[in-house]
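For reference, start32.cif is printed below; it contains mmCIF, C-alpha atoms.
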data_input
#
loop_
_atom_site.label_atom_id
_atom_site.label_comp_id
_atom_site.auth_asym_id
_atom_site.auth_seq_id
_atom_site.Cartn_x
_atom_site.Cartn_y
_atom_site.Cartn_z
CA MET A 206 57.78 0.26 -74.86
CA SER A 207 55.74 -2.20 -72.87
CA THR A 208 58.11 -2.03 -69.92
CA THR A 209 57.86 1.76 -69.62
CA SER A 210 54.08 1.99 -69.92
CA THR A 211 53.30 -0.41 -67.08
CA PRO A 212 54.63 1.77 -64.22
CA SER A 213 52.83 4.85 -65.47
CA THR A 214 49.54 2.97 -65.68
CA THR A 215 49.99 1.74 -62.12
CA ALA A 216 50.71 5.25 -60.87
CA VAL A 217 47.58 6.61 -62.53
CA GLU A 218 45.43 3.90 -60.95
CA ALA A 219 46.94 4.56 -57.51
CA SER A 220 46.31 8.30 -57.92
CA ALA A 221 42.70 7.68 -58.91
CA ALA A 222 42.18 5.38 -55.93
CA GLY A 223 43.58 8.00 -53.56
CA THR A 224 41.20 10.65 -54.86
CA GLU A 225 38.16 8.50 -54.22
CA ARG A 226 35.99 9.73 -51.29
CA ARG A 227 35.65 7.57 -48.29
CA PRO A 228 32.06 6.56 -47.53
CA ALA A 229 30.41 8.78 -44.90
CA ALA A 230 29.89 7.27 -41.46
CA PRO A 231 26.26 6.12 -40.99
CA ARG A 232 24.13 8.36 -38.81
CA LYS A 233 23.06 6.94 -35.50
CA VAL A 234 19.44 5.86 -35.71
CA ARG A 235 17.40 6.30 -32.55
CA GLY A 236 16.01 2.96 -31.49
CA ARG A 237 12.48 2.29 -30.38
CA GLY A 238 11.93 3.44 -26.82
CA GLU A 239 14.92 5.78 -26.82
CA ASN A 240 14.03 9.39 -26.01
CA THR A 241 15.71 12.52 -27.24
CA ARG A 242 17.58 14.69 -24.76
CA ALA A 243 14.71 17.18 -24.67
CA ALA A 244 12.14 14.45 -24.02
CA SER A 245 14.32 12.95 -21.28
CA LEU A 246 14.69 16.33 -19.58
CA ALA A 247 10.94 16.95 -19.82
CA SER A 248 10.09 13.54 -18.32
CA HIS A 249 12.54 14.07 -15.46
CA ALA A 250 11.07 17.51 -14.80
CA VAL A 251 7.57 16.05 -14.66
CA LEU A 252 8.66 13.27 -12.30
CA ILE A 253 10.46 15.72 -10.02
CA GLY A 254 7.41 17.97 -9.96
CA ALA A 255 5.13 15.05 -9.14
CA SER A 256 7.47 13.94 -6.34
CA LEU A 257 7.49 17.43 -4.85
CA ILE A 258 3.69 17.58 -4.98
CA ALA A 259 3.48 14.22 -3.20
CA LEU A 260 6.03 15.17 -0.54
CA PHE A 261 4.74 18.67 0.14
CA PRO A 262 1.81 17.67 2.44
CA VAL A 263 4.11 15.47 4.51
CA ALA A 264 6.78 18.15 4.77
CA TRP A 265 4.14 20.75 5.65
CA LEU A 266 2.75 18.52 8.40
CA VAL A 267 6.21 18.04 9.89
CA PHE A 268 6.81 21.79 9.70
CA LEU A 269 3.55 22.59 11.51
CA SER A 270 4.34 20.03 14.19
CA LEU A 271 7.38 22.11 15.19
CA GLY A 272 5.27 25.15 16.08
CA PRO A 273 4.69 25.50 19.84
CA ASP A 274 1.30 27.25 19.63
CA LYS A 275 -1.97 25.74 18.46
CA ASP A 276 -2.66 28.68 16.13
CA ASP A 277 0.72 28.65 14.39
CA TYR A 278 -0.86 27.09 11.33
CA LEU A 279 -2.52 30.44 10.69
CA HIS A 280 0.89 32.19 10.59
CA PRO A 281 3.36 29.51 9.43
CA GLY A 282 6.09 32.04 8.76
CA ARG A 283 6.50 32.64 12.48
CA ILE A 284 7.39 29.02 13.14
CA TRP A 285 10.92 29.47 11.78
CA SER A 286 11.99 31.60 14.74
CA LYS A 287 10.54 29.34 17.46
CA MET A 288 10.87 25.75 16.27
CA THR A 289 10.71 23.23 19.09
CA LEU A 290 10.18 19.54 19.80
CA ASP A 291 7.96 20.22 22.79
CA ASN A 292 4.88 18.96 20.93
CA TYR A 293 6.45 15.53 20.50
CA ALA A 294 7.53 15.43 24.13
CA PHE A 295 4.01 16.31 25.27
CA VAL A 296 2.39 13.67 23.05
CA LEU A 297 4.75 10.93 24.22
CA GLN A 298 4.66 11.82 27.91
CA ASP A 299 1.29 13.42 28.68
CA THR A 300 -1.16 11.60 26.40
CA SER A 301 -2.29 7.99 25.94
CA PHE A 302 -0.09 7.62 22.86
CA PHE A 303 1.40 4.27 23.86
CA ASP A 304 -2.05 2.88 24.75
CA TRP A 305 -3.19 3.93 21.29
CA LEU A 306 -0.10 2.28 19.82
CA LYS A 307 -0.80 -1.00 21.63
CA SER A 308 -4.45 -1.02 20.58
CA THR A 309 -3.60 -0.13 17.00
CA LEU A 310 -1.00 -2.88 16.69
CA ILE A 311 -3.36 -5.49 18.13
CA VAL A 312 -6.22 -4.50 15.82
CA VAL A 313 -4.11 -3.95 12.71
CA LEU A 314 -1.96 -7.08 12.98
CA GLY A 315 -4.97 -9.22 13.94
CA THR A 316 -6.98 -7.87 11.02
CA THR A 317 -4.10 -8.36 8.61
CA LEU A 318 -3.42 -11.93 9.72
CA ILE A 319 -7.04 -13.12 9.75
CA GLY A 320 -8.02 -11.14 6.66
CA VAL A 321 -5.13 -12.39 4.51
CA VAL A 322 -5.58 -16.03 5.60
CA VAL A 323 -9.32 -16.00 4.86
CA ALA A 324 -8.90 -14.07 1.60
CA ALA A 325 -6.08 -16.31 0.36
CA SER A 326 -7.97 -19.53 1.09
CA THR A 327 -11.13 -18.12 -0.51
CA GLY A 328 -9.27 -16.91 -3.60
CA TYR A 329 -7.49 -20.26 -3.99
CA ALA A 330 -10.70 -22.24 -3.63
CA VAL A 331 -12.48 -20.18 -6.29
CA SER A 332 -9.46 -20.24 -8.59
CA ARG A 333 -8.84 -24.00 -8.44
CA MET A 334 -12.06 -25.71 -7.36
CA ARG A 335 -15.34 -25.85 -9.26
CA PHE A 336 -17.99 -26.28 -6.58
CA PRO A 337 -21.64 -25.28 -6.98
CA GLY A 338 -22.04 -21.52 -6.71
CA TYR A 339 -18.36 -20.61 -6.84
CA ARG A 340 -19.03 -17.79 -9.29
CA LYS A 341 -21.93 -16.46 -7.22
CA LEU A 342 -19.71 -16.47 -4.13
CA MET A 343 -17.31 -13.97 -5.68
CA TRP A 344 -20.17 -11.76 -6.83
CA VAL A 345 -21.68 -11.83 -3.35
CA LEU A 346 -18.35 -10.68 -1.95
CA LEU A 347 -18.32 -7.87 -4.48
CA VAL A 348 -21.87 -6.79 -3.66
CA THR A 349 -21.03 -6.49 0.05
CA GLN A 350 -18.63 -3.67 -0.86
CA MET A 351 -21.48 -1.57 -2.23
CA PHE A 352 -23.15 -0.89 1.11
CA PRO A 353 -22.08 2.34 2.86
CA ILE A 354 -20.57 2.01 6.31
CA ALA A 355 -23.31 4.11 7.89
CA VAL A 356 -25.86 1.46 6.90
CA LEU A 357 -23.76 -1.39 8.30
CA ILE A 358 -22.90 0.10 11.69
CA VAL A 359 -26.32 -0.45 13.32
CA PRO A 360 -26.75 -4.16 12.45
CA MET A 361 -23.09 -4.83 13.23
CA TYR A 362 -23.45 -3.14 16.60
CA GLN A 363 -26.46 -5.33 17.37
CA ILE A 364 -24.59 -8.49 16.36
CA LEU A 365 -21.51 -7.61 18.41
CA SER A 366 -23.72 -6.71 21.37
CA ASP A 367 -25.41 -10.11 21.22
CA LEU A 368 -21.98 -11.77 21.08
CA GLN A 369 -20.68 -9.56 23.91
CA LEU A 370 -17.89 -8.25 21.70
CA ILE A 371 -18.53 -4.53 22.13
CA ASP A 372 -15.39 -2.73 23.34
CA SER A 373 -13.21 -5.73 22.52
CA TYR A 374 -10.30 -6.08 20.12
CA LEU A 375 -11.72 -9.27 18.60
CA GLY A 376 -14.99 -7.55 17.74
CA LEU A 377 -13.24 -4.71 15.93
CA ILE A 378 -10.94 -7.14 14.13
CA LEU A 379 -13.88 -9.17 12.83
CA VAL A 380 -15.71 -6.04 11.73
CA ASN A 381 -12.64 -4.81 9.85
CA CYS A 382 -12.34 -8.18 8.13
CA THR A 383 -15.83 -7.75 6.66
CA THR A 384 -14.51 -4.87 4.56
CA ILE A 385 -11.05 -6.28 3.85
CA VAL A 386 -11.74 -9.90 2.91
CA PRO A 387 -13.97 -9.25 -0.16
CA TYR A 388 -11.41 -7.08 -1.95
CA CYS A 389 -8.43 -9.23 -0.95
CA ALA A 390 -10.25 -12.40 -2.06
CA TRP A 391 -10.70 -10.94 -5.54
CA LEU A 392 -7.07 -9.83 -5.54
CA MET A 393 -5.75 -13.24 -4.54
CA LYS A 394 -8.04 -15.05 -6.94
CA GLY A 395 -6.58 -13.04 -9.82
CA TYR A 396 -3.06 -13.81 -8.64
CA PHE A 397 -3.69 -17.55 -8.19
CA ASP A 398 -5.01 -17.65 -11.76
CA THR A 399 -1.50 -16.74 -12.96
CA ILE A 400 0.07 -19.76 -11.23
CA PRO A 401 0.08 -22.84 -13.53
CA PHE A 402 -2.37 -25.55 -12.57
CA GLU A 403 0.33 -28.15 -13.25
CA ILE A 404 1.89 -27.25 -9.91
CA ASP A 405 -1.26 -28.48 -8.13
CA GLU A 406 -1.19 -31.68 -10.15
CA ALA A 407 2.47 -32.22 -9.26
CA GLY A 408 1.60 -31.84 -5.59
CA ARG A 409 -1.13 -34.47 -5.86
CA VAL A 410 1.29 -36.84 -7.60
CA ASP A 411 3.68 -36.40 -4.69
CA GLY A 412 0.90 -37.34 -2.27
CA LEU A 413 0.07 -33.90 -0.90
CA THR A 414 -3.45 -33.11 0.23
CA PRO A 415 -5.20 -30.04 -1.26
CA PHE A 416 -4.32 -28.07 1.86
CA GLY A 417 -0.72 -29.31 1.72
CA THR A 418 -0.47 -28.25 -1.91
CA PHE A 419 -1.88 -24.85 -1.04
CA ALA A 420 0.40 -24.32 1.96
CA ARG A 421 3.66 -25.82 0.68
CA LEU A 422 3.59 -25.10 -3.05
CA ILE A 423 1.16 -22.31 -3.91
CA LEU A 424 1.62 -19.86 -1.04
CA PRO A 425 5.41 -19.54 -1.50
CA LEU A 426 4.79 -18.64 -5.15
CA ALA A 427 2.10 -16.15 -4.15
CA LYS A 428 4.26 -13.97 -1.89
CA PRO A 429 3.86 -10.83 -4.04
CA GLY A 430 0.07 -11.17 -4.00
CA LEU A 431 0.08 -11.84 -0.28
CA ALA A 432 2.23 -8.74 0.24
CA VAL A 433 -0.30 -6.55 -1.58
CA ALA A 434 -3.21 -8.05 0.36
CA ALA A 435 -1.34 -7.57 3.65
CA PHE A 436 -0.46 -3.98 2.79
CA TYR A 437 -4.05 -3.17 1.87
CA SER A 438 -5.35 -4.82 5.04
CA PHE A 439 -2.80 -3.01 7.18
CA LEU A 440 -3.58 0.45 5.80
CA THR A 441 -7.34 -0.08 5.86
CA ALA A 442 -7.37 -1.17 9.50
CA PHE A 443 -4.75 1.42 10.42
CA GLY A 444 -6.79 4.38 9.20
CA GLU A 445 -10.31 3.12 9.94
CA VAL A 446 -12.31 5.57 12.07
CA ALA A 447 -16.05 4.82 11.90
CA PHE A 448 -15.99 1.28 13.31
CA ALA A 449 -13.24 2.00 15.84
CA SER A 450 -15.00 5.07 17.27
CA THR A 451 -18.33 3.22 17.50
CA PHE A 452 -17.34 -0.18 18.87
CA MET A 453 -14.44 0.82 21.15
CA LEU A 454 -15.71 2.64 24.25
CA SER A 455 -12.70 2.63 26.62
CA ASP A 456 -10.13 5.40 26.32
CA ASP A 457 -7.24 2.96 26.67
CA LYS A 458 -8.54 0.93 23.72
CA TYR A 459 -8.65 3.78 21.22
CA THR A 460 -6.70 3.28 18.02
CA PHE A 461 -4.55 6.03 16.52
CA ALA A 462 -7.32 7.20 14.22
CA VAL A 463 -9.70 7.67 17.13
CA GLY A 464 -7.02 9.07 19.44
CA LEU A 465 -6.36 11.90 17.02
CA GLN A 466 -9.92 13.11 17.53
CA THR A 467 -9.22 13.84 21.19
CA PHE A 468 -7.18 16.89 20.15
CA VAL A 469 -10.22 18.49 18.54
CA SER A 470 -13.30 19.46 20.53
CA GLU A 471 -16.29 21.69 19.92
CA HIS A 472 -14.53 24.76 21.33
CA ASP A 473 -10.85 24.00 20.90
CA ALA A 474 -8.45 22.46 18.39
CA GLN A 475 -4.86 21.70 19.37
CA ARG A 476 -3.57 21.43 15.83
CA ASN A 477 0.09 21.54 16.82
CA LEU A 478 -0.32 18.41 18.97
CA MET A 479 -2.41 16.76 16.28
CA ALA A 480 0.32 17.40 13.71
CA ALA A 481 3.00 15.96 15.99
CA THR A 482 0.88 12.88 16.68
CA ALA A 483 0.20 12.42 12.96
CA VAL A 484 3.94 12.42 12.25
CA LEU A 485 4.54 9.80 14.93
CA ILE A 486 1.63 7.71 13.65
CA ALA A 487 3.11 7.64 10.16
CA ILE A 488 6.24 5.84 11.37
CA PRO A 489 4.66 2.33 11.82
CA ALA A 490 2.97 2.57 8.42
CA ALA A 491 6.24 3.60 6.79
CA LEU A 492 8.08 0.71 8.43
CA PHE A 493 5.48 -1.80 7.24
CA PHE A 494 5.68 -0.39 3.72
CA TYR A 495 9.46 -0.80 3.82
CA LEU A 496 9.08 -4.47 4.75
CA VAL A 497 6.74 -5.35 1.89
CA GLN A 498 7.88 -2.93 -0.82
CA LYS A 499 9.96 -5.53 -2.67
CA ASN A 500 6.89 -7.58 -3.50
CA LEU A 501 4.37 -4.77 -3.98
CA VAL A 502 5.06 -3.92 -7.63
CA THR A 503 5.10 -7.57 -8.70
CA GLY A 504 1.94 -8.33 -6.77
CA LEU A 505 0.07 -5.31 -8.12
CA THR A 506 0.77 -6.16 -11.76
CA ALA A 507 0.79 -9.98 -11.77
CA GLY A 508 -2.94 -10.36 -11.20
CA GLY A 509 -3.79 -8.10 -14.11
CA THR A 510 -3.18 -10.80 -16.75
CA LYS A 511 -3.95 -14.48 -16.75
CA GLY A 512 -1.11 -16.63 -17.99
#
Take the structure in the file and give it back as C-alpha cells.
Amino acid sequence: MSTTSTPSTTAVEASAAGTERRPAAPRKVRGRGENTRAASLASHAVLIGASLIALFPVAWLVFLSLGPDKDDYLHPGRIWSKMTLDNYAFVLQDTSFFDWLKSTLIVVLGTTLIGVVVAASTGYAVSRMRFPGYRKLMWVLLVTQMFPIAVLIVPMYQILSDLQLIDSYLGLILVNCTTIVPYCAWLMKGYFDTIPFEIDEAGRVDGLTPFGTFARLILPLAKPGLAVAAFYSFLTAFGEVAFASTFMLSDDKYTFAVGLQTFVSEHDAQRNLMAATAVLIAIPAALFFYLVQKNLVTGLTAGGTKG
C-alpha cells in the first residue's frame, strides 16, 4: 500500500505546483528627473519655439539685406523675385568698410586685452590679499557703474583733450576700459574665490613670487572666467556707440557701430545697405564667440558659488 500511494502523492503535488500563478513582472517606476513622453515633447516644443524666436530677427535681417531697393523693407514680399548680392558688393567696394574693420579690431582687441588684464589682477588681489580698503575698492568699482554715459562724456572729453588723446585709438580704448573693468573685476573676483587657497600656498613653498603664483598657477585654472570676461569686453567694445562717435573724429577711424550711422541721414535711410553691413559686422563677433564658447558655460556658473 505504501508503495502505490507515494507516486500519486507526488503527482498531486506536481499538479498543484503547475497551477500556481507566476508572480507578475514589476512595473517600471519612473526615476527622479525622468520625464514622461508628453512632458518631453512639450519641453522640446518650447525649446524649438524659443530657438525660432531667437533666430527670426537674424534671418529677417539677412532677408532684408538681399533686397536691392532701400524701401524693400516696407514690402518684404517683393524681395523674393529680385534677390541680389549687390548690397554686399557695394558695401565691400564703395564704402569704408575695411577702414571700419581695422579700427574696430584695434579698439576691441586693445580693450579686451587691457581690460581683462587689469580686471584679473584686481580681482585676484581682492580675493587673496587683505590690504586696507580692499572691500571699499570693490564697492567703488560698483558705484562707478551707476553713472549714466551722458554724464561721463563731458569730463572724459576734457581729460582726453588735456592728454591729447582725442581721435586716437588709445583714448577710446582707455575710455572703454572704464566701463568694462569694474564688472569684469567683480566677475573675476568671484571666480578666484572658487580656486582653493592651498594652491597659492603651494606656489610660495616652491619659491614663486605672488606674481609668479598668479601667472603660472592661478591664471591657467581661471581660463573659463577669463573667457567670460574677454567675451563681455569684446561685445561691449564692439557695440559701443556713444564714446566712439564722440571721441573719434576722422572718418577712417570710425568703428562699425559708428560706420552704420552713415547710412542714415536726416532725409534719407539706406536700410538695404545698413542690413548688409550689419550681417557682415556679425561675422567677427560670431567667430570670437566660437573661439571662447567651450569655456563660457563653465565660467558663467563657476563664480556663482564659493567652494
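A straight line drawn from atom CA of A:Val359 to atom CA of A:Val313 is 22.5 Å long.
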Residues returned when the PyMOL selection byres ((chain A and resi 400) around 12) runs on this file, as a list in words: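 Matching residues under the PyMOL selection byres ((chain A and resi 400) around 12) are Tyr329, Ser332, Arg333, Met393, Lys394, Gly395, Tyr396, Phe397, Asp398, Thr399, Pro401, Phe402, Glu403, Ile404, Asp405, Phe419, Leu422, Ile423, Leu424, Pro425, Leu426, Ala427, Lys428, Gly430, Ala507, Gly508, Thr510, Lys511 and Gly512 of chain A.
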Given the PyMOL selection byres ((chain A and resi 383) around 10), the residues it picks as a PyMOL selection string: chain A and resi 316+320+346+349-350+378-382+384-388
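Picture a line from atom CA of A:Ser301 to atom CA of A:Tyr362; it runs 25.7 Å.
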Excluding stretch 271-283 of chain A and any residue of its chain fewer than 2 positions from it, enumerate the residues within 8 Å of it, using all atoms listed in the file, and give them as a ChimeraX atom specification. /A:267-269,285-292,474-478,481
I'd like the interatomic distance between atom CA of A:Ala491 and atom CA of A:Pro353, to a tenth of an Å. 28.6 Å
Apply the PyMOL selection byres ((chain A and resi 415) around 12) to the displayed file and report the matching residues as a PyMOL selection string. chain A and resi 326+329-330+333-334+404-414+416-423
